[in-house]
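Please read the structure below before turning to the comments.
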Amino acid sequence: DQRFATSDDGTLIPYFLVMKKDTVMDGNTPTLLYGYGGFEVSLGPRYIGTTGIAWLERGGAYVEANIRGGGEFGPKWHQAALKANRNKCFEDFSSVARHLIESKVCKASTLAARGGSNGGLLMGMMYTLYPDLFGAIHCAVPLLDMKRFNTLLAGASWMAEYGNPDTEDWDNFLNKYSPYHKIDPAAKYPPILFTTSTRDDRVHPAHARKMVKKLWDTNKDWPVHYYENIEGGHGGAADAKQSAFMTSLAFDFMWETLLKGRDQD
């Protein structure tokens with residue numbers, strides 16, 4: 001089912017919702033919202049066996065958001081969220097989350113968000129900007145420290161997408177979407193799982209490591225979980241067995257966390 005949410009600036013943001021036909025819309029459906037929103041990467045209907053087995057067969061709903069920054073509607077859709085306009089992809093994703101809640105597909109406590117790499121930056125911003133919208137977040141192989149991303153591994157090649165933190169870009173806009181610098185000691189954050197790989201040769205594991213350390217040091221009561229696979233590259237796993245383990249780890253974390261948010265009748 002394709003639906004549309006209205007973003008903060010009035011732009012209609014399409015998303016695809018997949019669930020069983022007999023799903024009861026009472027807000028108790030564990031719902032997984034996935035997004036990327038960068039580098040002109042397009043999301044769309046396709047077969048994802050792991051999501052079907054690990055989420056849909058359990059009775060959950062799965063959603064993919066076609067937010068700006070992606071390539072779903074050509075180069076202009078991508079360019080609309082570059083550099084100083086990066087906030088557009090965060091606003092788009094949060095608008096889809098709100099629409100799911102307003103439509104009674106789920107409620108905040110039964111809504112999980114998941115994303116990796118550039119999508120991990122998206123998850124970091126959902127965590128720090130919109131913590132009230134989600135019951136669980138999986139943040140995989142993420143970019144989180146946007147002050148130093150250009151000095152780590154392949155980061156310098158992404159400045160056309162994000163900007164250059166060594167220039168006035170940092171003060172003008174980059175600081176506004178650096179999750180590592182936006183942690184609020186007074187905030188109430190949802191449970192989150194960070195996953196990364198020691199041998200990631202694209203996004204340095206320091207992003208996830210530093211974020212988790214800062215969160216733990218700031219408030220030990222925040223439910224922050226971390227897993228670092230010592231093998232594998234940017235995909236986070238070296239073989240099918242490791243991939244299955246990492247997928248199970250993430251889906252079980254989100255599912256078990258969201259079940260706690262259902263009405264206890």
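Chains: A, B, ... in order of the structure tokens. Residues: from 1 per chain. Ligands: from 1, in order shown.
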
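If you count only C-alpha atoms and ignore residues fewer than 2 places along the chain from range 72-84 of chain A, what sits within 7 Å of it is Gly38, Phe39, Glu40, Ser42, Leu43, Asn66, Arg68, Gly69, Gly70, Arg86, Asn87, Lys88, Cys89, Glu161, Tyr162, Gly163 and Phe173 of chain A.
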
At a cut-off of 12 Å, can you tabulate as JSON lines every residue of range 36-129 of chain A near range 192-212 of chain A together with its closest atom pair and the distance in Å to one decimal, using only C-alpha atoms and ordering rows by chain then number?
```
{"residue": "A:Ala112", "atom": "CA", "partner": "A:Ile192", "partner_atom": "CA", "distance": 9.5}
{"residue": "A:Ala113", "atom": "CA", "partner": "A:Ile192", "partner_atom": "CA", "distance": 9.5}
{"residue": "A:Arg114", "atom": "CA", "partner": "A:Leu193", "partner_atom": "CA", "distance": 9.6}
{"residue": "A:Gly115", "atom": "CA", "partner": "A:Phe194", "partner_atom": "CA", "distance": 10.4}
{"residue": "A:Gly116", "atom": "CA", "partner": "A:Thr195", "partner_atom": "CA", "distance": 9.0}
{"residue": "A:Ser117", "atom": "CA", "partner": "A:Val203", "partner_atom": "CA", "distance": 7.0}
{"residue": "A:Asn118", "atom": "CA", "partner": "A:Val203", "partner_atom": "CA", "distance": 9.2}
{"residue": "A:Gly119", "atom": "CA", "partner": "A:Val203", "partner_atom": "CA", "distance": 11.8}
{"residue": "A:Gly120", "atom": "CA", "partner": "A:Phe194", "partner_atom": "CA", "distance": 9.0}
{"residue": "A:Leu121", "atom": "CA", "partner": "A:His207", "partner_atom": "CA", "distance": 9.8}
{"residue": "A:Met123", "atom": "CA", "partner": "A:Ile192", "partner_atom": "CA", "distance": 9.5}
{"residue": "A:Gly124", "atom": "CA", "partner": "A:Met211", "partner_atom": "CA", "distance": 9.3}
{"residue": "A:Met126", "atom": "CA", "partner": "A:Ile192", "partner_atom": "CA", "distance": 10.8}
{"residue": "A:Tyr127", "atom": "CA", "partner": "A:Ile192", "partner_atom": "CA", "distance": 8.1}
{"residue": "A:Thr128", "atom": "CA", "partner": "A:Ile192", "partner_atom": "CA", "distance": 11.2}
```

- prompt: Quick one: residues within 9 Å of Thr247 in chain A, only C-alpha atoms counted, chain neighbours fewer than 4 positions away excluded, as an NGL selection string?
  reply: :A and (50 or 54 or 242-243 or 251-252)

- request: List the neighbours of range 21-35 of chain A out to 8 Å using only C-alpha atoms; skip same-chain residues closer than 5 positions along the sequence, and give me the result as JSON, numbers by chain.
  value: {"A": [59, 60, 61, 62, 63, 64, 65, 66, 67, 93, 97, 101, 104, 105, 106, 107, 110, 111, 112, 113, 114, 115, 119, 122, 255, 258, 259, 261, 262, 263]}

Quick one: contact table of range 14-123 of chain A to range 4-9 of chain A, 7 Å max, nearest atom pair and distance in Å to one decimal per residue, counting only C-alpha atoms, chain and number order, as a Markdown table?
```
| residue | atom | partner | partner_atom | distance |
| --- | --- | --- | --- | --- |
| A:Pro14 | CA | A:Phe4 | CA | 4.4 |
| A:Tyr15 | CA | A:Phe4 | CA | 6.0 |
| A:Glu91 | CA | A:Ser7 | CA | 6.1 |
| A:Asp92 | CA | A:Ser7 | CA | 5.1 |
| A:Ser95 | CA | A:Ser7 | CA | 5.3 |
| A:Val96 | CA | A:Ala5 | CA | 5.3 |
| A:His99 | CA | A:Ala5 | CA | 5.8 |
```

Could you write out the selected residues, including N, CA and C atoms, as a PDB file, in the first residue's frame?
```pdb
ATOM      1  N   PRO A  14       5.983  10.154  -0.163  1.00  0.00           N
ATOM      2  CA  PRO A  14       5.388   8.824  -0.300  1.00  0.00           C
ATOM      3  C   PRO A  14       6.103   7.797   0.563  1.00  0.00           C
ATOM      4  N   TYR A  15       5.339   6.801   0.972  1.00  0.00           N
ATOM      5  CA  TYR A  15       5.939   5.667   1.663  1.00  0.00           C
ATOM      6  C   TYR A  15       5.133   4.415   1.356  1.00  0.00           C
ATOM      7  N   GLU A  91      13.076  15.925   8.383  1.00  0.00           N
ATOM      8  CA  GLU A  91      11.678  16.346   8.520  1.00  0.00           C
ATOM      9  C   GLU A  91      10.747  15.386   7.779  1.00  0.00           C
ATOM     10  N   ASP A  92      11.191  14.933   6.602  1.00  0.00           N
ATOM     11  CA  ASP A  92      10.373  13.989   5.823  1.00  0.00           C
ATOM     12  C   ASP A  92      10.157  12.688   6.588  1.00  0.00           C
ATOM     13  N   SER A  95       7.907  13.036   9.521  1.00  0.00           N
ATOM     14  CA  SER A  95       6.521  13.234   9.087  1.00  0.00           C
ATOM     15  C   SER A  95       5.856  11.902   8.750  1.00  0.00           C
ATOM     16  N   VAL A  96       6.617  10.996   8.158  1.00  0.00           N
ATOM     17  CA  VAL A  96       6.079   9.656   7.894  1.00  0.00           C
ATOM     18  C   VAL A  96       5.779   8.950   9.214  1.00  0.00           C
ATOM     19  N   HIS A  99       2.609  10.291  10.566  1.00  0.00           N
ATOM     20  CA  HIS A  99       1.453   9.851   9.785  1.00  0.00           C
ATOM     21  C   HIS A  99       1.061   8.422  10.136  1.00  0.00           C
TER      22      HIS A  99
END
```
